[in-house]
>>> print(open('query_14.tsv').read())   # TSV, C-alpha atoms
chain	number	residue	atom	x	y	z
M	1	MET	CA	24.64	4.65	1.37
M	2	LYS	CA	24.07	5.20	-2.32
M	3	SER	CA	20.92	6.38	-4.05
M	4	PHE	CA	19.91	6.37	-7.69
M	5	THR	CA	16.81	7.84	-9.33
M	6	LYS	CA	15.34	7.42	-12.80
M	7	HIS	CA	11.92	7.93	-14.33
M	8	LEU	CA	9.89	5.81	-16.71
M	9	TRP	CA	7.57	7.63	-19.10
M	10	PHE	CA	4.29	6.30	-20.47
M	11	GLU	CA	1.67	7.45	-22.93
M	12	THR	CA	-0.87	4.66	-23.20
M	13	GLU	CA	-3.04	4.01	-26.26
M	14	ASP	CA	-6.10	3.20	-24.16
M	15	ARG	CA	-7.54	5.28	-21.35
M	16	ILE	CA	-7.32	2.25	-19.01
M	17	GLN	CA	-4.26	0.08	-19.69
M	18	PHE	CA	-1.87	-2.10	-17.67
M	19	ILE	CA	1.83	-2.42	-18.57
M	20	ASN	CA	4.41	-4.85	-17.18
M	21	ILE	CA	7.45	-2.76	-16.14
M	22	THR	CA	9.49	-5.44	-14.33
M	23	GLN	CA	12.30	-5.57	-16.88
M	24	LYS	CA	12.61	-1.79	-17.03
M	25	VAL	CA	12.93	-1.56	-13.26
M	26	ASN	CA	15.54	-4.32	-13.26
M	27	GLN	CA	17.56	-2.43	-15.87
M	28	ILE	CA	17.58	0.71	-13.72
M	29	ILE	CA	18.76	-1.34	-10.74
M	30	LYS	CA	21.56	-2.82	-12.86
M	31	GLU	CA	22.55	0.67	-14.00
M	32	SER	CA	22.61	1.91	-10.38
M	33	GLY	CA	25.23	-0.63	-9.33
M	34	ILE	CA	23.41	-0.96	-5.97
M	35	LYS	CA	23.66	-4.53	-4.71
M	36	GLU	CA	21.66	-4.55	-1.49
M	37	GLY	CA	18.82	-2.24	-0.61
M	38	LEU	CA	15.28	-1.22	-1.43
M	39	VAL	CA	13.68	0.14	-4.57
M	40	LEU	CA	10.65	2.42	-4.49
M	41	VAL	CA	8.53	2.37	-7.65
M	42	ASN	CA	5.63	4.85	-7.61
M	43	ALA	CA	3.24	6.48	-9.99
M	44	MET	CA	3.82	10.25	-9.96
M	45	HIS	CA	0.28	10.92	-11.17
M	46	ILE	CA	-2.77	10.45	-9.03
M	47	THR	CA	-4.87	8.54	-11.55
M	48	ALA	CA	-2.35	5.72	-12.05
M	49	SER	CA	-0.98	2.88	-9.92
M	50	VAL	CA	2.06	0.72	-9.47
M	51	TYR	CA	1.16	-2.74	-8.16
M	52	ILE	CA	2.58	-6.26	-8.11
M	53	ASN	CA	0.71	-9.30	-9.36
M	54	ASP	CA	0.50	-11.89	-12.14
M	55	ALA	CA	1.43	-11.35	-15.81
M	56	GLU	CA	-1.72	-13.16	-16.97
M	57	SER	CA	-4.02	-11.42	-19.45
M	58	GLY	CA	-7.19	-13.05	-18.10
M	59	LEU	CA	-6.46	-11.73	-14.61
M	60	ILE	CA	-5.79	-8.25	-16.00
M	61	ASN	CA	-9.23	-8.32	-17.61
M	62	ASP	CA	-10.68	-9.49	-14.29
M	63	TYR	CA	-9.08	-6.51	-12.54
M	64	LYS	CA	-10.57	-4.06	-15.05
M	65	LYS	CA	-14.05	-5.59	-14.85
M	66	TRP	CA	-14.01	-5.78	-11.06
M	67	LEU	CA	-12.77	-2.20	-10.66
M	68	LYS	CA	-15.62	-0.96	-12.85
M	69	LYS	CA	-18.05	-2.82	-10.61
M	70	ILE	CA	-16.86	-1.31	-7.34
M	71	VAL	CA	-16.00	2.09	-8.86
M	72	PRO	CA	-18.71	2.94	-11.44
M	73	LEU	CA	-17.31	5.11	-14.24
M	74	ASN	CA	-20.30	7.45	-14.41
M	75	GLU	CA	-21.53	7.93	-10.86
M	76	LYS	CA	-22.38	11.54	-9.94
M	77	TYR	CA	-18.93	12.42	-8.58
M	78	GLU	CA	-18.39	15.91	-7.11
M	79	HIS	CA	-14.86	15.95	-8.51
M	80	ASN	CA	-16.35	15.84	-12.01
M	81	MET	CA	-18.28	19.06	-11.38
M	82	THR	CA	-14.91	20.89	-11.56
M	83	GLY	CA	-14.78	20.09	-15.28
M	84	GLU	CA	-12.91	16.79	-14.81
M	85	ASP	CA	-14.32	13.43	-15.88
M	86	ASN	CA	-11.80	11.19	-14.12
M	87	ALA	CA	-13.03	10.89	-10.52
M	88	TYR	CA	-13.35	7.12	-11.07
M	89	ALA	CA	-9.63	7.01	-11.97
M	90	HIS	CA	-8.62	8.52	-8.61
M	91	LEU	CA	-10.68	5.90	-6.78
M	92	MET	CA	-9.45	2.96	-8.87
M	93	ARG	CA	-5.86	4.01	-8.34
M	94	THR	CA	-6.50	4.11	-4.60
M	95	ILE	CA	-7.60	0.47	-4.61
M	96	MET	CA	-4.69	-0.68	-6.77
M	97	GLY	CA	-2.13	1.37	-4.81
M	98	ARG	CA	0.35	4.15	-5.57
M	99	GLU	CA	3.65	2.39	-4.99
M	100	ALA	CA	5.59	-0.83	-4.55
M	101	VAL	CA	8.63	-1.15	-2.32
M	102	VAL	CA	10.74	-4.13	-3.36
M	103	ALA	CA	13.89	-5.74	-1.98
M	104	VAL	CA	17.07	-5.43	-4.06
M	105	THR	CA	19.43	-8.38	-3.60
M	106	LYS	CA	22.59	-9.05	-5.62
M	107	ASN	CA	21.84	-6.05	-7.86
M	108	LYS	CA	18.40	-7.42	-8.86
M	109	LEU	CA	14.73	-7.22	-7.92
M	110	ASP	CA	14.19	-9.87	-5.27
M	111	LEU	CA	10.69	-10.99	-6.30
M	112	GLY	CA	8.68	-14.12	-5.62
M	113	PRO	CA	8.16	-16.67	-8.43
M	114	TRP	CA	5.15	-14.98	-10.04
M	115	GLU	CA	5.58	-11.41	-8.87
M	116	GLN	CA	5.62	-8.87	-11.73
M	117	ILE	CA	5.54	-5.09	-11.35
M	118	TYR	CA	2.76	-3.34	-13.26
M	119	TYR	CA	1.98	0.21	-14.19
M	120	ALA	CA	-1.81	0.58	-14.20
M	121	GLU	CA	-3.11	3.59	-16.06
M	122	PHE	CA	-6.70	4.71	-15.41
M	123	ASP	CA	-6.74	8.03	-17.30
M	124	GLY	CA	-4.11	7.72	-19.99
M	125	GLN	CA	-3.50	8.84	-23.54
M	126	ARG	CA	-1.17	11.55	-22.20
M	127	ARG	CA	2.43	11.52	-20.96
M	128	LYS	CA	2.90	10.38	-17.37
M	129	ARG	CA	5.84	9.36	-15.20
M	130	VAL	CA	6.82	6.63	-12.77
M	131	MET	CA	9.61	7.25	-10.25
M	132	VAL	CA	12.18	4.51	-9.60
M	133	LYS	CA	14.42	5.29	-6.63
M	134	ILE	CA	16.93	2.81	-5.24
M	135	ILE	CA	18.75	3.21	-1.94
M	136	GLY	CA	21.35	0.82	-0.59
M	137	GLU	CA	24.97	-0.20	-1.15
R	1	MET	CA	24.41	0.96	5.80
R	2	LYS	CA	23.65	-2.61	6.77
R	3	SER	CA	21.03	-4.90	5.32
R	4	PHE	CA	19.65	-8.20	6.56
R	5	THR	CA	17.20	-10.57	4.84
R	6	LYS	CA	15.24	-13.56	6.13
R	7	HIS	CA	12.15	-15.40	5.00
R	8	LEU	CA	9.17	-16.68	6.93
R	9	TRP	CA	7.47	-19.82	5.60
R	10	PHE	CA	3.79	-20.68	5.94
R	11	GLU	CA	1.55	-23.58	5.06
R	12	THR	CA	-1.90	-22.75	6.34
R	13	GLU	CA	-4.53	-25.31	7.35
R	14	ASP	CA	-7.36	-23.32	5.79
R	15	ARG	CA	-7.48	-21.88	2.30
R	16	ILE	CA	-8.18	-18.41	3.75
R	17	GLN	CA	-6.34	-17.78	7.02
R	18	PHE	CA	-4.79	-14.80	8.82
R	19	ILE	CA	-1.65	-15.17	10.99
R	20	ASN	CA	-0.10	-12.61	13.37
R	21	ILE	CA	3.64	-12.42	12.49
R	22	THR	CA	4.65	-9.44	14.63
R	23	GLN	CA	6.81	-11.43	17.05
R	24	LYS	CA	8.58	-13.27	14.23
R	25	VAL	CA	9.45	-10.00	12.49
R	26	ASN	CA	10.73	-8.55	15.75
R	27	GLN	CA	12.98	-11.58	16.24
R	28	ILE	CA	14.51	-11.11	12.79
R	29	ILE	CA	15.16	-7.44	13.57
R	30	LYS	CA	16.84	-8.44	16.84
R	31	GLU	CA	18.97	-10.97	14.98
R	32	SER	CA	19.98	-8.33	12.40
R	33	GLY	CA	21.50	-6.04	15.02
R	34	ILE	CA	20.16	-3.06	13.04
R	35	LYS	CA	19.14	-0.27	15.42
R	36	GLU	CA	17.69	2.43	13.18
R	37	GLY	CA	16.15	1.95	9.75
R	38	LEU	CA	13.23	0.47	7.87
R	39	VAL	CA	11.92	-3.06	7.55
R	40	LEU	CA	10.09	-4.26	4.45
R	41	VAL	CA	7.72	-7.20	5.04
R	42	ASN	CA	6.08	-8.52	1.88
R	43	ALA	CA	4.24	-11.58	0.66
R	44	MET	CA	6.28	-13.23	-2.11
R	45	HIS	CA	3.16	-14.90	-3.53
R	46	ILE	CA	0.47	-12.99	-5.38
R	47	THR	CA	-2.52	-14.51	-3.58
R	48	ALA	CA	-1.40	-13.47	-0.09
R	49	SER	CA	-1.01	-10.18	1.76
R	50	VAL	CA	0.95	-8.55	4.53
R	51	TYR	CA	-1.07	-5.87	6.31
R	52	ILE	CA	-1.16	-4.09	9.67
R	53	ASN	CA	-4.22	-3.95	11.87
R	54	ASP	CA	-5.79	-5.23	15.07
R	55	ALA	CA	-5.22	-8.65	16.69
R	56	GLU	CA	-8.92	-9.09	17.37
R	57	SER	CA	-10.65	-12.25	16.16
R	58	GLY	CA	-14.00	-10.56	15.52
R	59	LEU	CA	-12.36	-8.02	13.22
R	60	ILE	CA	-10.56	-10.80	11.36
R	61	ASN	CA	-13.93	-12.46	10.73
R	62	ASP	CA	-15.29	-9.10	9.57
R	63	TYR	CA	-12.42	-8.79	7.08
R	64	LYS	CA	-13.13	-12.26	5.65
R	65	LYS	CA	-16.88	-11.65	5.34
R	66	TRP	CA	-16.43	-8.20	3.81
R	67	LEU	CA	-13.84	-9.40	1.31
R	68	LYS	CA	-16.23	-12.12	0.12
R	69	LYS	CA	-18.89	-9.47	-0.40
R	70	ILE	CA	-16.80	-7.19	-2.57
R	71	VAL	CA	-14.86	-10.04	-4.24
R	72	PRO	CA	-17.31	-12.91	-4.86
R	73	LEU	CA	-15.52	-16.29	-4.75
R	74	ASN	CA	-17.32	-17.73	-7.77
R	75	GLU	CA	-17.80	-14.90	-10.25
R	76	LYS	CA	-17.03	-15.83	-13.89
R	77	TYR	CA	-13.37	-14.78	-13.78
R	78	GLU	CA	-11.31	-15.03	-16.99
R	79	HIS	CA	-8.26	-16.03	-14.94
R	80	ASN	CA	-10.10	-19.17	-13.89
R	81	MET	CA	-10.49	-20.27	-17.53
R	82	THR	CA	-6.73	-21.00	-17.51
R	83	GLY	CA	-7.38	-23.91	-15.15
R	84	GLU	CA	-6.95	-21.83	-12.00
R	85	ASP	CA	-9.70	-21.32	-9.41
R	86	ASN	CA	-8.09	-18.55	-7.40
R	87	ALA	CA	-8.87	-15.33	-9.28
R	88	TYR	CA	-10.70	-14.10	-6.17
R	89	ALA	CA	-7.50	-14.56	-4.15
R	90	HIS	CA	-5.55	-12.21	-6.44
R	91	LEU	CA	-8.24	-9.54	-6.03
R	92	MET	CA	-8.56	-9.95	-2.25
R	93	ARG	CA	-4.81	-9.68	-1.85
R	94	THR	CA	-4.88	-6.46	-3.86
R	95	ILE	CA	-7.32	-4.88	-1.41
R	96	MET	CA	-5.40	-6.03	1.66
R	97	GLY	CA	-2.00	-5.06	0.18
R	98	ARG	CA	1.27	-6.82	-0.65
R	99	GLU	CA	3.64	-5.23	1.84
R	100	ALA	CA	4.18	-3.22	4.98
R	101	VAL	CA	7.10	-0.86	5.50
R	102	VAL	CA	7.70	-0.24	9.19
R	103	ALA	CA	10.10	1.96	11.13
R	104	VAL	CA	12.85	0.22	13.13
R	105	THR	CA	13.89	2.16	16.24
R	106	LYS	CA	16.24	0.92	18.99
R	107	ASN	CA	16.46	-2.49	17.28
R	108	LYS	CA	12.67	-3.03	17.43
R	109	LEU	CA	9.53	-2.55	15.34
R	110	ASP	CA	8.32	0.98	16.02
R	111	LEU	CA	4.57	0.31	15.94
R	112	GLY	CA	1.58	2.18	17.28
R	113	PRO	CA	-0.26	0.84	20.36
R	114	TRP	CA	-2.54	-1.59	18.50
R	115	GLU	CA	-0.57	-2.18	15.31
R	116	GLN	CA	0.09	-5.86	14.61
R	117	ILE	CA	1.58	-7.27	11.40
R	118	TYR	CA	-0.51	-9.97	9.73
R	119	TYR	CA	0.09	-12.49	6.99
R	120	ALA	CA	-3.23	-12.96	5.15
R	121	GLU	CA	-3.44	-16.10	3.06
R	122	PHE	CA	-6.18	-16.31	0.43
R	123	ASP	CA	-5.14	-19.51	-1.37
R	124	GLY	CA	-3.23	-21.56	1.15
R	125	GLN	CA	-2.68	-25.17	2.12
R	126	ARG	CA	0.69	-25.03	0.33
R	127	ARG	CA	4.11	-23.65	1.25
R	128	LYS	CA	4.55	-19.92	0.74
R	129	ARG	CA	7.08	-17.31	1.77
R	130	VAL	CA	7.21	-13.82	3.25
R	131	MET	CA	10.30	-11.65	2.79
R	132	VAL	CA	11.64	-9.64	5.72
R	133	LYS	CA	14.37	-7.18	4.69
R	134	ILE	CA	15.84	-4.63	7.06
R	135	ILE	CA	18.09	-1.75	6.01
R	136	GLY	CA	19.68	0.71	8.38
R	137	GLU	CA	22.47	0.98	10.88
W	1	MET	CA	23.31	6.56	6.63
W	2	LYS	CA	21.32	9.02	8.72
W	3	SER	CA	17.85	8.59	10.12
W	4	PHE	CA	15.43	11.09	11.61
W	5	THR	CA	12.06	10.48	13.27
W	6	LYS	CA	9.27	12.84	14.26
W	7	HIS	CA	5.58	12.47	14.97
W	8	LEU	CA	2.60	14.52	13.90
W	9	TRP	CA	-0.36	14.65	16.28
W	10	PHE	CA	-4.00	15.05	15.31
W	11	GLU	CA	-7.29	15.45	17.09
W	12	THR	CA	-9.93	15.94	14.43
W	13	GLU	CA	-13.19	17.79	14.93
W	14	ASP	CA	-15.19	15.31	12.90
W	15	ARG	CA	-15.18	11.54	13.28
W	16	ILE	CA	-14.26	11.16	9.59
W	17	GLN	CA	-11.91	13.90	8.36
W	18	PHE	CA	-9.09	14.26	5.83
W	19	ILE	CA	-6.10	16.58	6.43
W	20	ASN	CA	-3.39	17.62	3.98
W	21	ILE	CA	-0.03	17.04	5.75
W	22	THR	CA	2.34	17.66	2.82
W	23	GLN	CA	3.83	20.87	4.20
W	24	LYS	CA	4.34	19.37	7.65
W	25	VAL	CA	6.21	16.38	6.20
W	26	ASN	CA	8.37	18.69	4.11
W	27	GLN	CA	9.27	20.69	7.21
W	28	ILE	CA	10.41	17.55	9.02
W	29	ILE	CA	12.55	16.60	6.01
W	30	LYS	CA	14.12	20.08	6.04
W	31	GLU	CA	14.82	19.76	9.75
W	32	SER	CA	16.44	16.35	9.22
W	33	GLY	CA	19.05	17.72	6.83
W	34	ILE	CA	18.76	14.48	4.81
W	35	LYS	CA	19.24	15.23	1.11
W	36	GLU	CA	18.72	11.89	-0.61
W	37	GLY	CA	16.69	8.98	0.68
W	38	LEU	CA	13.23	7.77	1.51
W	39	VAL	CA	10.57	8.99	3.91
W	40	LEU	CA	8.04	6.68	5.51
W	41	VAL	CA	4.81	8.37	6.61
W	42	ASN	CA	2.39	6.05	8.41
W	43	ALA	CA	-0.65	6.24	10.62
W	44	MET	CA	0.19	4.70	14.01
W	45	HIS	CA	-3.48	3.97	14.71
W	46	ILE	CA	-5.41	1.27	12.93
W	47	THR	CA	-8.50	3.32	12.11
W	48	ALA	CA	-6.62	6.01	10.16
W	49	SER	CA	-4.72	6.17	6.87
W	50	VAL	CA	-1.94	8.01	5.14
W	51	TYR	CA	-2.48	8.19	1.39
W	52	ILE	CA	-1.44	10.34	-1.56
W	53	ASN	CA	-3.89	11.99	-3.93
W	54	ASP	CA	-5.42	15.29	-5.00
W	55	ALA	CA	-6.05	18.35	-2.75
W	56	GLU	CA	-9.52	18.86	-4.24
W	57	SER	CA	-12.49	19.12	-1.89
W	58	GLY	CA	-14.95	17.50	-4.33
W	59	LEU	CA	-12.74	14.44	-4.62
W	60	ILE	CA	-12.43	14.20	-0.85
W	61	ASN	CA	-16.24	14.15	-0.62
W	62	ASP	CA	-16.28	11.46	-3.33
W	63	TYR	CA	-13.87	9.34	-1.28
W	64	LYS	CA	-16.07	9.62	1.82
W	65	LYS	CA	-19.27	8.80	-0.06
W	66	TRP	CA	-17.70	5.88	-1.93
W	67	LEU	CA	-16.13	4.42	1.22
W	68	LYS	CA	-19.52	4.44	2.93
W	69	LYS	CA	-20.96	2.55	-0.02
W	70	ILE	CA	-18.43	-0.27	0.01
W	71	VAL	CA	-18.01	-0.27	3.81
W	72	PRO	CA	-21.45	0.32	5.36
W	73	LEU	CA	-21.16	2.09	8.73
W	74	ASN	CA	-23.77	-0.02	10.49
W	75	GLU	CA	-23.38	-3.57	9.16
W	76	LYS	CA	-23.53	-6.30	11.83
W	77	TYR	CA	-19.76	-6.40	12.46
W	78	GLU	CA	-18.38	-8.97	14.94
W	79	HIS	CA	-15.76	-6.46	16.06
W	80	ASN	CA	-18.55	-4.23	17.34
W	81	MET	CA	-19.80	-6.98	19.66
W	82	THR	CA	-16.68	-6.35	21.78
W	83	GLY	CA	-18.13	-2.97	22.76
W	84	GLU	CA	-16.50	-1.09	19.86
W	85	ASP	CA	-18.46	0.75	17.20
W	86	ASN	CA	-15.64	1.39	14.75
W	87	ALA	CA	-15.32	-1.83	12.70
W	88	TYR	CA	-16.12	0.22	9.59
W	89	ALA	CA	-13.12	2.46	10.34
W	90	HIS	CA	-10.71	-0.50	10.31
W	91	LEU	CA	-12.04	-1.57	6.90
W	92	MET	CA	-12.00	1.94	5.40
W	93	ARG	CA	-8.44	2.46	6.54
W	94	THR	CA	-7.48	-0.81	4.87
W	95	ILE	CA	-8.76	0.44	1.50
W	96	MET	CA	-7.08	3.83	1.83
W	97	GLY	CA	-3.80	2.34	3.11
W	98	ARG	CA	-1.64	2.66	6.22
W	99	GLU	CA	1.47	4.33	4.82
W	100	ALA	CA	3.14	6.21	2.02
W	101	VAL	CA	6.81	5.80	1.12
W	102	VAL	CA	8.07	8.83	-0.78
W	103	ALA	CA	11.37	9.73	-2.42
W	104	VAL	CA	13.43	12.49	-0.81
W	105	THR	CA	15.56	14.44	-3.32
W	106	LYS	CA	17.55	17.62	-2.59
W	107	ASN	CA	16.16	17.73	0.96
W	108	LYS	CA	12.52	17.77	-0.25
W	109	LEU	CA	9.59	15.48	-0.95
W	110	ASP	CA	9.99	14.37	-4.56
W	111	LEU	CA	6.30	14.31	-5.52
W	112	GLY	CA	4.50	14.40	-8.86
W	113	PRO	CA	2.70	17.60	-9.92
W	114	TRP	CA	-0.59	16.91	-8.09
W	115	GLU	CA	0.57	14.51	-5.38
W	116	GLN	CA	-0.38	15.64	-1.87
W	117	ILE	CA	0.01	13.56	1.31
W	118	TYR	CA	-3.17	13.16	3.34
W	119	TYR	CA	-3.98	11.95	6.81
W	120	ALA	CA	-7.41	10.29	6.65
W	121	GLU	CA	-9.12	9.87	10.00
W	122	PHE	CA	-12.02	7.42	10.23
W	123	ASP	CA	-12.58	7.38	14.00
W	124	GLY	CA	-11.31	10.68	15.26
W	125	GLN	CA	-12.13	13.25	17.93
W	126	ARG	CA	-9.27	11.88	20.02
W	127	ARG	CA	-5.48	12.31	19.90
W	128	LYS	CA	-3.66	10.18	17.34
W	129	ARG	CA	-0.19	10.08	15.85
W	130	VAL	CA	1.49	9.79	12.46
W	131	MET	CA	5.10	8.62	12.22
W	132	VAL	CA	7.48	10.39	9.85
W	133	LYS	CA	10.80	8.56	9.48
W	134	ILE	CA	13.46	9.60	6.97
W	135	ILE	CA	16.50	7.53	6.11
W	136	GLY	CA	19.22	8.61	3.73
W	137	GLU	CA	22.18	10.93	3.52
>>> encode(input="query_14.tsv", output="structure tokens")
Amino acid sequence: MKSFTKHLWFETEDRIQFINITQKVNQIIKESGIKEGLVLVNAMHITASVYINDAESGLINDYKKWLKKIVPLNEKYEHNMTGEDNAYAHLMRTIMGREAVVAVTKNKLDLGPWEQIYYAEFDGQRRKRVMVKIIGE
Amino acid sequence: MKSFTKHLWFETEDRIQFINITQKVNQIIKESGIKEGLVLVNAMHITASVYINDAESGLINDYKKWLKKIVPLNEKYEHNMTGEDNAYAHLMRTIMGREAVVAVTKNKLDLGPWEQIYYAEFDGQRRKRVMVKIIGE
Amino acid sequence: MKSFTKHLWFETEDRIQFINITQKVNQIIKESGIKEGLVLVNAMHITASVYINDAESGLINDYKKWLKKIVPLNEKYEHNMTGEDNAYAHLMRTIMGREAVVAVTKNKLDLGPWEQIYYAEFDGQRRKRVMVKIIGE
């Protein structure tokens, strides 16, 4: 069994911003030389997500609008009494998920026709990491 | 390390429909000959989910009713201005999840007493795939 | 490839209770001797979650309050007509997630700076298990 680990770094312009990272993950898989296995892609910060869905800007706006409806930005959150103002970001990231585990076949991401891997930032404008770890052969 | 990949195909009768796929996944594990490892089971389409919960028809109705409450079918979604009408299905699938990663022990799914693997279709009545990939030894 | 499996057992005092299990998972990884790989940590019961977020008591209260808002405890759930009273717990666990898959590097959990692994119980006060399965080398 081989394993290979790399990190992606982000510093978004907006506080809430979604970034398609599919090509970057594929490049790391290529670099690893691993042909068959699994890749774990996870946010290493607890106010950001990695999720898989459509690369369609209208849908991304729908996600943002819907998340604000079910997770109000300015509710009276206890977490925010510690001096933080990002309780909403912890909850949004919980809905969108921390990680994706994807099949690696023939040294590539083995995705469905419309599957794209996204980094979703909910409290950005500072440097944050995503872990990409591949195991296989 | 060995790996083994198969796909399950679905074409549901209803647009929203949940299907228990536990036995089918177990058969693929048996076929793989892999005794110890992990199995990844993921929807390859972005309006469907794979999740683990109870095989109880009342609960499945509760899921459907609850999802329609927190993801209204006919909100003014931007995604639907592209000619689509399935924005709700992308959001529902996000709540229910894309994938399950399950332990494989003694050449079988190593599930808890009530854990059953479900395929949840939110925009069906057309052919769609689920990936089953096992790695281990 | 090596694999190593252990279970953690819980019997919570409260019906809804969150427990930080990071140290316990790290101990199992140490015991396994596996240096590089992946660890799967999943609830084996379908009214409990494993998720990764902050070890901050205010945030944990925010989670509980928010979950009760989007999953009312006493809605007329069909599942509860079977004699159960825990339909809400199945839905809450679905939002919080069944499992976490985490990188193992140098015989340790490879977590981000604030990432902590939690067991979230939604229908406790009885014995329940979490699976910890490590694969790697």
>>> atom_distance(input="query_14.tsv", atom1="atom CA of W:Gly83", atom2="atom CA of R:Ser57")
13.6 Å
>>> closest_residue(input="query_14.tsv", among="R:Val50, R:Ile117, R:Val102, R:Leu111", to="R:Ile135", atoms="all atoms listed in the file")
R:Val102
>>> residues_around(input="query_14.tsv", residues="stretch 19-33 of chain R", least_positions_apart="5", cutoff="7 Å", atoms="only C-alpha atoms", output="MDAnalysis selection string")
chainID R and resid 4 107:109 116:120
>>> write_last_selection(input="query_14.tsv", atoms="C-alpha atoms", output="PDB file, in the coordinates of the input")
ATOM      1  CA  PHE R   4      19.650  -8.200   6.560  1.00  0.00           C
ATOM      2  CA  ASN R 107      16.460  -2.490  17.280  1.00  0.00           C
ATOM      3  CA  LYS R 108      12.670  -3.030  17.430  1.00  0.00           C
ATOM      4  CA  LEU R 109       9.530  -2.550  15.340  1.00  0.00           C
ATOM      5  CA  GLN R 116       0.090  -5.860  14.610  1.00  0.00           C
ATOM      6  CA  ILE R 117       1.580  -7.270  11.400  1.00  0.00           C
ATOM      7  CA  TYR R 118      -0.510  -9.970   9.730  1.00  0.00           C
ATOM      8  CA  TYR R 119       0.090 -12.490   6.990  1.00  0.00           C
ATOM      9  CA  ALA R 120      -3.230 -12.960   5.150  1.00  0.00           C
TER      10      ALA R 120
END
>>> closest_atom_pairs(input="query_14.tsv", of="chain W", to="chain M", cutoff="12 Å", atoms="all atoms listed in the file", output="CSV")
residue,atom,partner,partner_atom,distance
W:Met1,CA,M:Met1,CA,5.8
W:Lys2,CA,M:Met1,CA,9.2
W:Ser3,CA,M:Met1,CA,11.8
W:Ile34,CA,M:Met1,CA,12.0
W:Lys35,CA,M:Ser3,CA,10.4
W:Glu36,CA,M:Ser3,CA,6.9
W:Gly37,CA,M:Ile135,CA,6.7
W:Leu38,CA,M:Ile135,CA,7.9
W:Val39,CA,M:Leu40,CA,10.7
W:Leu40,CA,M:Val101,CA,11.1
W:Ser49,CA,M:Thr94,CA,11.8
W:Val50,CA,M:Thr94,CA,11.4
W:Tyr51,CA,M:Thr94,CA,8.3
W:Ile52,CA,M:Ile46,CA,7.6
W:Asn53,CA,M:Ile46,CA,5.4
W:Asp54,CA,M:Ile46,CA,6.8
W:Ala55,CA,M:Ile46,CA,10.6
W:Glu56,CA,M:His79,CA,7.4
W:Ser57,CA,M:His79,CA,7.7
W:Gly58,CA,M:His79,CA,4.5
W:Leu59,CA,M:His79,CA,4.7
W:Ile60,CA,M:His79,CA,8.2
W:Asn61,CA,M:Glu78,CA,7.1
W:Asp62,CA,M:Tyr77,CA,6.0
W:Tyr63,CA,M:Leu91,CA,7.2
W:Lys64,CA,M:Leu91,CA,10.8
W:Lys65,CA,M:Tyr77,CA,9.3
W:Trp66,CA,M:Val71,CA,8.1
W:Leu67,CA,M:Leu91,CA,9.8
W:Lys69,CA,M:Ile70,CA,9.2
W:Ile70,CA,M:Ile70,CA,7.6
W:Val71,CA,M:Ile70,CA,11.3
W:Met92,CA,M:Ile95,CA,11.0
W:Arg93,CA,M:Ile95,CA,11.4
W:Thr94,CA,M:Ile95,CA,9.6
W:Ile95,CA,M:Ile95,CA,6.2
W:Met96,CA,M:Thr94,CA,6.5
W:Gly97,CA,M:Gly97,CA,8.2
W:Arg98,CA,M:Gly97,CA,11.1
W:Glu99,CA,M:Glu99,CA,10.2
W:Ala100,CA,M:Glu99,CA,8.0
W:Val101,CA,M:Leu40,CA,7.6
W:Val102,CA,M:Leu40,CA,7.8
W:Ala103,CA,M:Lys133,CA,6.8
W:Val104,CA,M:Lys133,CA,9.3
W:Thr105,CA,M:Thr5,CA,9.0
W:Lys106,CA,M:Ser3,CA,11.8
W:Leu109,CA,M:Met44,CA,11.9
W:Asp110,CA,M:Met131,CA,9.1
W:Leu111,CA,M:Met44,CA,6.5
W:Gly112,CA,M:Met44,CA,4.3
W:Pro113,CA,M:His45,CA,7.2
W:Trp114,CA,M:His45,CA,6.8
W:Glu115,CA,M:Ile46,CA,6.4
W:Gln116,CA,M:Ile46,CA,9.2
W:Ile117,CA,M:Ile46,CA,11.1
W:Ile135,CA,M:Ile135,CA,9.4
W:Gly136,CA,M:Met1,CA,7.1
W:Glu137,CA,M:Met1,CA,7.1
>>> atom_distance(input="query_14.tsv", atom1="atom CA of R:Phe18", atom2="atom CA of W:Glu121")
25.1 Å
>>> atom_distance(input="query_14.tsv", atom1="atom CA of W:Gln125", atom2="atom CA of W:Lys6")
21.7 Å
